[in-house]
Amino acid sequence: MVTAYFTHSSCDDHVSPAGHPEQVARLAAVAKGLAGIDLLRLDAPLGRLADVLRCHPQTYIDRVRAAVPAQGWASLDGDTYLAPGSYTAALRGVGAGCAAVDIVLSGQATNAFVATRPPGHHAETETAMGFCIFGTVAIAAKYALDHHRLNRVAIVDFDVHHGNGTQDVLWDEPRVLFASSHQMPLYPGTGAAHETGAYGQIINLPLRPNSTGADMRAAYAAYILPQIDAFAPELILVSAGFDAHRDDPLANLNWSTGDFTWLTERICDLADRHCAGRVVSALEGGYDLPALAAATAAHVTVLKERGHAR
Ligand code: ZN
């Protein structure tokens with residue numbers, strides 16, 4: 001079966017101030033990396049307000065919307081900005097995440113990759129931060145649970161930064177196993193191993209600066225993969241940040257492109273065992289453009305091979 005790929009040109013209207021690492025050119029790099037891969041290419045639909053409300057209150061949505069500038073930029077925090085097109089771009093991410101869940105659960109695609117900007121995993125229930133506005137993957141998880149009536153969804157967040165927003169939104173959600181690996185110490189400062197959620201359903205795996213892909217593989221094999229296996233998910237979501245790559249300028253992990261291949265294969269192994277291969281992956285970080293292109297291509301190539309095999 002096929003691998004679906006959701007993106008939208010309106011994400012390029014989320015224009016960043018000069019020098020900002022979360023820049024328009026990132027999606028062009030992703031597109032370049034995926035150009036040679038045979039994918040079911042779909043436009044990201046606009047997200048529904050009802051789906052955003054699964055994770056963020058109306059007051060927060062209103063505050064974001066009111067802050068959108070007519071021109072130039074508005075700042076939501078030190079490094080999170082809004083351009084005139086940012087609200088719509090963020091809604092494309094929400095729409096793509098939910099549509100990807102739909103297409104995978106309907107059996108029209110085995111798995112899916114969502115490439116939209118802004119990213120989402122730092123967006124807390126009522127706080128935009130870390131370049132993120134809406135919690136795209138957290139919303140997709142809630143949508144899968146409440147709209148599609150699943151009981152167990154696993155999220156793997158391998159972005160080099162802790163997924164504090166996803167953790168905040170899903171802190172007391174027993175139907176989601178949330179596993180995040182991240183460099184520590186690093187922004188945003190959360191993600192210690194003792195942060196385990198209201199039901200022990202959150203797994204935080206801090207990795208030391210200058211640790212390697214081999215360290216990552218050993219840690220995943222020892223901690224994260226067995227716990228997802230025991231959880232027996234009906235769907236696996238991925239917060240796919242590629243900023244743990246050794247060339248990334250924002251962090252100090254030393255993963256190779258091959259490490260992203262290895263990790264994606266292990267995630268697909270679990271999906272094959274428990275949920276007919278169903279994986280929905282969404283782009284988060286990744287700021288060195290050639291590394292982003294190569295690592296995204298490696299990640300989606302595995303999704304494509306596993307999807308095709310079913
Ligand atoms: Zn990141």
# chains A, B, ... in the order shown; residues from 1 in each chain; ligands from 1

$ residues_near_ligand --ligand "ligand 1" --cutoff "10 Å" --atoms "only C-alpha atoms and all ligand atoms" --output "PyMOL selection string"
chain A and resi 22+119-122+130-131+157-163+182-183+186-188+239-244+248+250-251+283-287

$ select_by_dssp --residues "range 14-145 of chain A" --states "strand (DSSP E)" --output "number ranges by chain"
A: 40-43, 74-77, 80-82, 111-114

$ write_last_selection --atoms "N, CA, C and O atoms" --output "mmCIF file, in the first residue's frame"
data_model
loop_
_atom_site.group_PDB
_atom_site.id
_atom_site.type_symbol
_atom_site.label_atom_id
_atom_site.label_comp_id
_atom_site.auth_asym_id
_atom_site.auth_seq_id
_atom_site.Cartn_x
_atom_site.Cartn_y
_atom_site.Cartn_z
ATOM 1 N N LEU A 40 1.843 9.264 -2.250
ATOM 2 C CA LEU A 40 0.515 9.806 -2.545
ATOM 3 C C LEU A 40 0.504 11.244 -2.026
ATOM 4 O O LEU A 40 0.383 11.481 -0.831
ATOM 5 N N ARG A 41 0.689 12.189 -2.938
ATOM 6 C CA ARG A 41 0.900 13.591 -2.557
ATOM 7 C C ARG A 41 -0.436 14.327 -2.452
ATOM 8 O O ARG A 41 -1.189 14.386 -3.419
ATOM 9 N N LEU A 42 -0.700 14.893 -1.276
ATOM 10 C CA LEU A 42 -2.003 15.509 -1.009
ATOM 11 C C LEU A 42 -1.813 16.885 -0.380
ATOM 12 O O LEU A 42 -0.878 17.106 0.399
ATOM 13 N N ASP A 43 -2.728 17.800 -0.723
ATOM 14 C CA ASP A 43 -2.728 19.106 -0.075
ATOM 15 C C ASP A 43 -3.269 18.975 1.343
ATOM 16 O O ASP A 43 -4.304 18.333 1.561
ATOM 17 N N ALA A 74 4.465 39.721 14.625
ATOM 18 C CA ALA A 74 4.120 39.877 16.033
ATOM 19 C C ALA A 74 4.825 38.753 16.785
ATOM 20 O O ALA A 74 5.035 37.675 16.248
ATOM 21 N N SER A 75 5.175 39.034 18.027
ATOM 22 C CA SER A 75 5.932 38.060 18.808
ATOM 23 C C SER A 75 5.054 37.447 19.884
ATOM 24 O O SER A 75 4.374 38.149 20.616
ATOM 25 N N LEU A 76 5.037 36.108 19.968
ATOM 26 C CA LEU A 76 4.272 35.430 21.016
ATOM 27 C C LEU A 76 5.152 35.088 22.203
ATOM 28 O O LEU A 76 4.686 34.954 23.326
ATOM 29 N N ASP A 77 6.422 34.852 21.943
ATOM 30 C CA ASP A 77 7.420 34.785 23.006
ATOM 31 C C ASP A 77 8.763 35.139 22.366
ATOM 32 O O ASP A 77 8.798 35.613 21.231
ATOM 33 N N THR A 80 9.071 32.893 19.184
ATOM 34 C CA THR A 80 7.880 32.427 18.464
ATOM 35 C C THR A 80 7.126 33.634 17.923
ATOM 36 O O THR A 80 6.708 34.496 18.686
ATOM 37 N N TYR A 81 7.009 33.685 16.614
ATOM 38 C CA TYR A 81 6.482 34.866 15.956
ATOM 39 C C TYR A 81 5.260 34.502 15.118
ATOM 40 O O TYR A 81 5.008 33.333 14.806
ATOM 41 N N LEU A 82 4.507 35.544 14.781
ATOM 42 C CA LEU A 82 3.379 35.397 13.860
ATOM 43 C C LEU A 82 3.573 36.357 12.704
ATOM 44 O O LEU A 82 3.802 37.547 12.922
ATOM 45 N N ASN A 111 0.795 4.378 5.903
ATOM 46 C CA ASN A 111 1.387 5.366 6.797
ATOM 47 C C ASN A 111 1.408 6.713 6.077
ATOM 48 O O ASN A 111 1.040 6.802 4.898
ATOM 49 N N ALA A 112 1.806 7.747 6.800
ATOM 50 C CA ALA A 112 1.741 9.096 6.231
ATOM 51 C C ALA A 112 2.809 9.973 6.843
ATOM 52 O O ALA A 112 3.199 9.789 8.002
ATOM 53 N N PHE A 113 3.276 10.937 6.056
ATOM 54 C CA PHE A 113 4.216 11.946 6.547
ATOM 55 C C PHE A 113 3.619 13.328 6.288
ATOM 56 O O PHE A 113 3.152 13.620 5.183
ATOM 57 N N VAL A 114 3.642 14.168 7.323
ATOM 58 C CA VAL A 114 3.104 15.524 7.258
ATOM 59 C C VAL A 114 4.265 16.516 7.321
ATOM 60 O O VAL A 114 5.030 16.503 8.282
#

$ residues_around --residues "Ala214 in chain A" --least-positions-apart "3" --cutoff "10 Å" --atoms "only C-alpha atoms" --output "list in words"
Ser211, Arg217, Ala218, Ala219, Tyr220, Asn254, Trp255, Ser256 and Asp259 of chain A

$ write_last_selection --atoms "N, CA and C atoms" --output "compact mmCIF listing (two decimals), in the first residue's frame"
# COMPACT_ATOMS: atom_id res chain seq x y z
N SER A 211 26.54 12.95 23.02
CA SER A 211 26.34 11.50 22.91
C SER A 211 26.07 11.17 21.43
N ARG A 217 20.59 4.42 20.07
CA ARG A 217 20.06 3.10 19.74
C ARG A 217 19.96 2.22 20.98
N ALA A 218 21.01 2.24 21.81
CA ALA A 218 21.01 1.43 23.03
C ALA A 218 19.90 1.88 23.98
N ALA A 219 19.72 3.20 24.10
CA ALA A 219 18.72 3.72 25.03
C ALA A 219 17.30 3.40 24.55
N TYR A 220 17.05 3.56 23.26
CA TYR A 220 15.73 3.20 22.74
C TYR A 220 15.46 1.71 22.94
N ASN A 254 24.85 13.68 17.99
CA ASN A 254 25.68 13.33 16.82
C ASN A 254 25.07 12.21 16.00
N TRP A 255 23.75 12.29 15.78
CA TRP A 255 23.11 11.24 14.99
C TRP A 255 23.47 11.41 13.51
N SER A 256 23.64 10.28 12.85
CA SER A 256 23.86 10.28 11.40
C SER A 256 22.52 10.11 10.70
N ASP A 259 21.15 6.82 11.44
CA ASP A 259 20.47 6.64 12.73
C ASP A 259 18.96 6.92 12.61

$ closest_atom_pairs --of "range 35-81 of chain A" --to "range 141-147 of chain A" --cutoff "10 Å" --atoms "only C-alpha atoms" --output "tab-separated table"
residue	atom	partner	partner_atom	distance
A:Ala50	CA	A:Tyr143	CA	9.8
A:Asp51	CA	A:Tyr143	CA	6.8
A:Val52	CA	A:Tyr143	CA	9.4
A:Arg54	CA	A:Lys142	CA	6.5
A:Cys55	CA	A:Lys142	CA	7.7

$ write_last_selection --atoms "N, CA and C atoms" --output "PDB file, in the first residue's frame"
ATOM      1  N   ALA A  50     -12.929  22.734  15.799  1.00  0.00           N
ATOM      2  CA  ALA A  50     -13.338  21.701  16.761  1.00  0.00           C
ATOM      3  C   ALA A  50     -12.176  20.780  17.103  1.00  0.00           C
ATOM      4  N   ASP A  51     -11.265  20.568  16.163  1.00  0.00           N
ATOM      5  CA  ASP A  51     -10.118  19.704  16.443  1.00  0.00           C
ATOM      6  C   ASP A  51      -9.045  20.437  17.248  1.00  0.00           C
ATOM      7  N   VAL A  52      -8.831  21.715  16.951  1.00  0.00           N
ATOM      8  CA  VAL A  52      -7.894  22.496  17.773  1.00  0.00           C
ATOM      9  C   VAL A  52      -8.379  22.511  19.221  1.00  0.00           C
ATOM     10  N   ARG A  54      -9.732  20.331  20.886  1.00  0.00           N
ATOM     11  CA  ARG A  54      -9.458  19.085  21.624  1.00  0.00           C
ATOM     12  C   ARG A  54      -8.267  19.272  22.563  1.00  0.00           C
ATOM     13  N   CYS A  55      -7.381  20.255  22.244  1.00  0.00           N
ATOM     14  CA  CYS A  55      -6.149  20.438  23.026  1.00  0.00           C
ATOM     15  C   CYS A  55      -5.921  21.861  23.535  1.00  0.00           C
TER      16      CYS A  55
END

$ select_by_dssp --residues "range 4-250 of chain A" --states "helix (DSSP H, G or I)" --output "VMD selection string"
chain A and resid 9 to 13 25 to 34 49 to 52 58 to 67 86 to 105 136 to 146 164 to 169 213 to 231

$ closest_atom_pairs --of "range 30-138 of chain A" --to "range 267-276 of chain A" --cutoff "12 Å" --atoms "only C-alpha atoms" --output "tab-separated table"
residue	atom	partner	partner_atom	distance
A:Val104	CA	A:Ala276	CA	9.9
A:Leu105	CA	A:Cys275	CA	9.8
A:Ser106	CA	A:Ala276	CA	11.7
A:Gly107	CA	A:Ala276	CA	9.4
A:Ala109	CA	A:Ala276	CA	10.8
A:Thr110	CA	A:Ala276	CA	7.6
A:Asn111	CA	A:Cys268	CA	9.4
A:Ala112	CA	A:Cys268	CA	11.9

$ closest_residue --among "A:Val169, A:Leu46, A:Ala193, A:Val68" --to "Gly97 in chain A" --atoms "only C-alpha atoms"
A:Leu46

$ atom_distance --atom1 "CA of Arg26 in chain A" --atom2 "CA of Arg266 in chain A"
25.9 Å

$ closest_residue --among "A:Ala140, A:Leu53, A:Ala44, A:Ala115" --to "Leu292 in chain A" --atoms "only C-alpha atoms"
A:Ala115

$ residues_around --residues "Arg152 in chain A" --least-positions-apart "4" --cutoff "12 Å" --atoms "only C-alpha atoms" --output "CSV table (one decimal) with N, CA, C and O atoms, in the first residue's frame"
chain,number,residue,atom,x,y,z
A,141,ALA,N,-3.5,12.9,18.0
A,141,ALA,CA,-3.7,11.8,18.9
A,141,ALA,C,-5.1,11.9,19.5
A,141,ALA,O,-5.8,10.9,19.6
A,142,LYS,N,-5.5,13.1,20.0
A,142,LYS,CA,-6.9,13.2,20.5
A,142,LYS,C,-7.9,12.9,19.5
A,142,LYS,O,-9.0,12.3,19.8
A,144,ALA,N,-7.6,10.9,17.0
A,144,ALA,CA,-7.7,9.4,16.8
A,144,ALA,C,-8.4,8.7,17.9
A,144,ALA,O,-9.2,7.8,17.7
A,145,LEU,N,-8.3,9.2,19.1
A,145,LEU,CA,-8.9,8.6,20.3
A,145,LEU,C,-10.4,9.0,20.3
A,145,LEU,O,-11.3,8.1,20.4
A,146,ASP,N,-10.8,10.2,20.1
A,146,ASP,CA,-12.2,10.6,20.3
A,146,ASP,C,-13.0,10.6,19.1
A,146,ASP,O,-14.2,10.2,19.2
A,148,HIS,N,-12.1,8.7,16.2
A,148,HIS,CA,-12.0,7.3,15.6
A,148,HIS,C,-12.2,6.2,16.7
A,148,HIS,O,-12.1,5.0,16.4
A,173,GLU,N,-3.7,12.1,30.1
A,173,GLU,CA,-4.4,11.3,29.1
A,173,GLU,C,-3.9,9.8,29.1
A,173,GLU,O,-2.9,9.5,28.5
A,174,PRO,N,-4.6,8.9,29.8
A,174,PRO,CA,-4.1,7.6,30.0
A,174,PRO,C,-4.1,6.8,28.7
A,174,PRO,O,-3.4,5.7,28.6
A,175,ARG,N,-4.8,7.2,27.7
A,175,ARG,CA,-4.9,6.5,26.4
A,175,ARG,C,-3.7,6.7,25.5
A,175,ARG,O,-3.6,6.1,24.4
A,176,VAL,N,-2.8,7.7,25.9
A,176,VAL,CA,-1.7,8.0,25.0
A,176,VAL,C,-0.4,7.6,25.8
A,176,VAL,O,-0.2,8.1,26.9
A,177,LEU,N,0.5,6.8,25.2
A,177,LEU,CA,1.8,6.6,25.7
A,177,LEU,C,2.7,7.6,24.9
A,177,LEU,O,2.8,7.6,23.7
A,178,PHE,N,3.3,8.6,25.6
A,178,PHE,CA,4.1,9.6,25.0
A,178,PHE,C,5.6,9.4,25.4
A,178,PHE,O,5.9,9.4,26.6
A,201,GLN,N,2.3,7.3,32.1
A,201,GLN,CA,2.2,7.0,30.6
A,201,GLN,C,3.1,7.8,29.8
A,201,GLN,O,3.1,7.8,28.6
A,228,ILE,N,6.7,0.6,24.5
A,228,ILE,CA,5.7,0.8,23.4
A,228,ILE,C,5.2,-0.6,23.0
A,228,ILE,O,4.0,-0.8,22.8
A,229,ASP,N,6.1,-1.6,23.0
A,229,ASP,CA,5.7,-2.9,22.7
A,229,ASP,C,4.6,-3.4,23.7
A,229,ASP,O,3.6,-4.0,23.3
A,230,ALA,N,4.9,-3.2,24.9
A,230,ALA,CA,4.0,-3.7,26.0
A,230,ALA,C,2.7,-2.9,26.0
A,230,ALA,O,1.6,-3.5,26.3
A,231,PHE,N,2.7,-1.7,25.5
A,231,PHE,CA,1.5,-0.8,25.4
A,231,PHE,C,0.5,-1.3,24.3
A,231,PHE,O,-0.7,-1.1,24.3
A,232,ALA,N,1.1,-2.0,23.3
A,232,ALA,CA,0.4,-2.5,22.1
A,232,ALA,C,-0.5,-1.4,21.5
A,232,ALA,O,-1.7,-1.5,21.4
A,233,PRO,N,0.1,-0.4,20.9
A,233,PRO,CA,-0.7,0.7,20.3
A,233,PRO,C,-1.5,0.3,19.1
A,233,PRO,O,-1.1,-0.6,18.4
A,234,GLU,N,-2.6,1.0,18.9
A,234,GLU,CA,-3.5,0.8,17.7
A,234,GLU,C,-3.1,1.8,16.6
A,234,GLU,O,-3.5,1.7,15.5
A,235,LEU,N,-2.2,2.7,16.9
A,235,LEU,CA,-1.7,3.7,16.0
A,235,LEU,C,-0.4,4.3,16.6
A,235,LEU,O,-0.4,4.5,17.8
A,236,ILE,N,0.6,4.6,15.8
A,236,ILE,CA,1.8,5.2,16.3
A,236,ILE,C,1.9,6.6,15.6
A,236,ILE,O,1.9,6.6,14.3
A,237,LEU,N,2.0,7.7,16.3
A,237,LEU,CA,2.3,9.0,15.8
A,237,LEU,C,3.8,9.3,16.1
A,237,LEU,O,4.3,8.9,17.1
A,274,HIS,N,1.8,-4.5,16.0
A,274,HIS,CA,0.6,-4.2,16.7
A,274,HIS,C,-0.6,-3.5,16.0
A,274,HIS,O,-1.7,-3.6,16.4
A,275,CYS,N,-0.3,-2.8,14.9
A,275,CYS,CA,-1.4,-2.0,14.3
A,275,CYS,C,-1.3,-1.9,12.8
A,275,CYS,O,-1.5,-0.9,12.2

$ closest_residue --among "A:His14, A:Arg149, A:Arg65, A:Arg278" --to "Pro118 in chain A" --atoms "only C-alpha atoms"
A:His14

$ atom_distance --atom1 "CA of Ala198 in chain A" --atom2 "CA of Met216 in chain A"
26.1 Å

$ residues_around --residues "Val302 in chain A" --least-positions-apart "2" --cutoff "9 Å" --atoms "only C-alpha atoms" --output "MDAnalysis selection string"
chainID A and resid 261:262 264:265 268 297:300 304:307

$ write_last_selection --atoms "N, CA and C atoms" --output "tab-separated table (two decimals), in the first residue's frame"
chain	number	residue	atom	x	y	z
A	261	THR	N	17.28	6.36	9.89
A	261	THR	CA	16.77	5.16	9.22
A	261	THR	C	16.52	4.06	10.24
A	262	TRP	N	17.51	3.82	11.10
A	262	TRP	CA	17.40	2.76	12.12
A	262	TRP	C	16.18	2.98	13.02
A	264	THR	N	13.49	4.82	12.51
A	264	THR	CA	12.22	4.69	11.78
A	264	THR	C	11.89	3.22	11.55
A	265	GLU	N	12.90	2.41	11.27
A	265	GLU	CA	12.66	0.97	11.10
A	265	GLU	C	12.13	0.34	12.39
A	268	CYS	N	8.54	1.32	12.82
A	268	CYS	CA	7.70	0.55	11.88
A	268	CYS	C	7.60	-0.91	12.31
A	297	ALA	N	14.46	12.35	3.94
A	297	ALA	CA	14.42	11.34	2.87
A	297	ALA	C	14.65	9.93	3.45
A	298	ALA	N	15.58	9.82	4.38
A	298	ALA	CA	15.84	8.52	5.01
A	298	ALA	C	14.61	8.03	5.76
A	299	HIS	N	13.99	8.91	6.52
A	299	HIS	CA	12.80	8.59	7.32
A	299	HIS	C	11.64	8.16	6.41
A	300	VAL	N	11.37	8.94	5.38
A	300	VAL	CA	10.22	8.66	4.52
A	300	VAL	C	10.49	7.45	3.62
A	304	LYS	N	7.98	4.43	3.19
A	304	LYS	CA	7.55	3.99	1.86
A	304	LYS	C	7.80	2.48	1.67
A	305	GLU	N	8.98	2.03	2.06
A	305	GLU	CA	9.30	0.60	1.90
A	305	GLU	C	8.36	-0.27	2.73
A	306	ARG	N	8.11	0.16	3.96
A	306	ARG	CA	7.22	-0.63	4.83
A	306	ARG	C	5.79	-0.55	4.36
A	307	GLY	N	5.39	0.60	3.86
A	307	GLY	CA	4.03	0.74	3.35
A	307	GLY	C	3.81	-0.12	2.13

$ closest_residue --among "A:Thr196, A:Gln58, A:Asn252, A:Ser9" --to "Gly93 in chain A" --atoms "only C-alpha atoms"
A:Ser9

$ closest_residue --among "A:Ala192, A:Val24, A:Val279, A:Ile139" --to "Thr3 in chain A" --atoms "only C-alpha atoms"
A:Val279
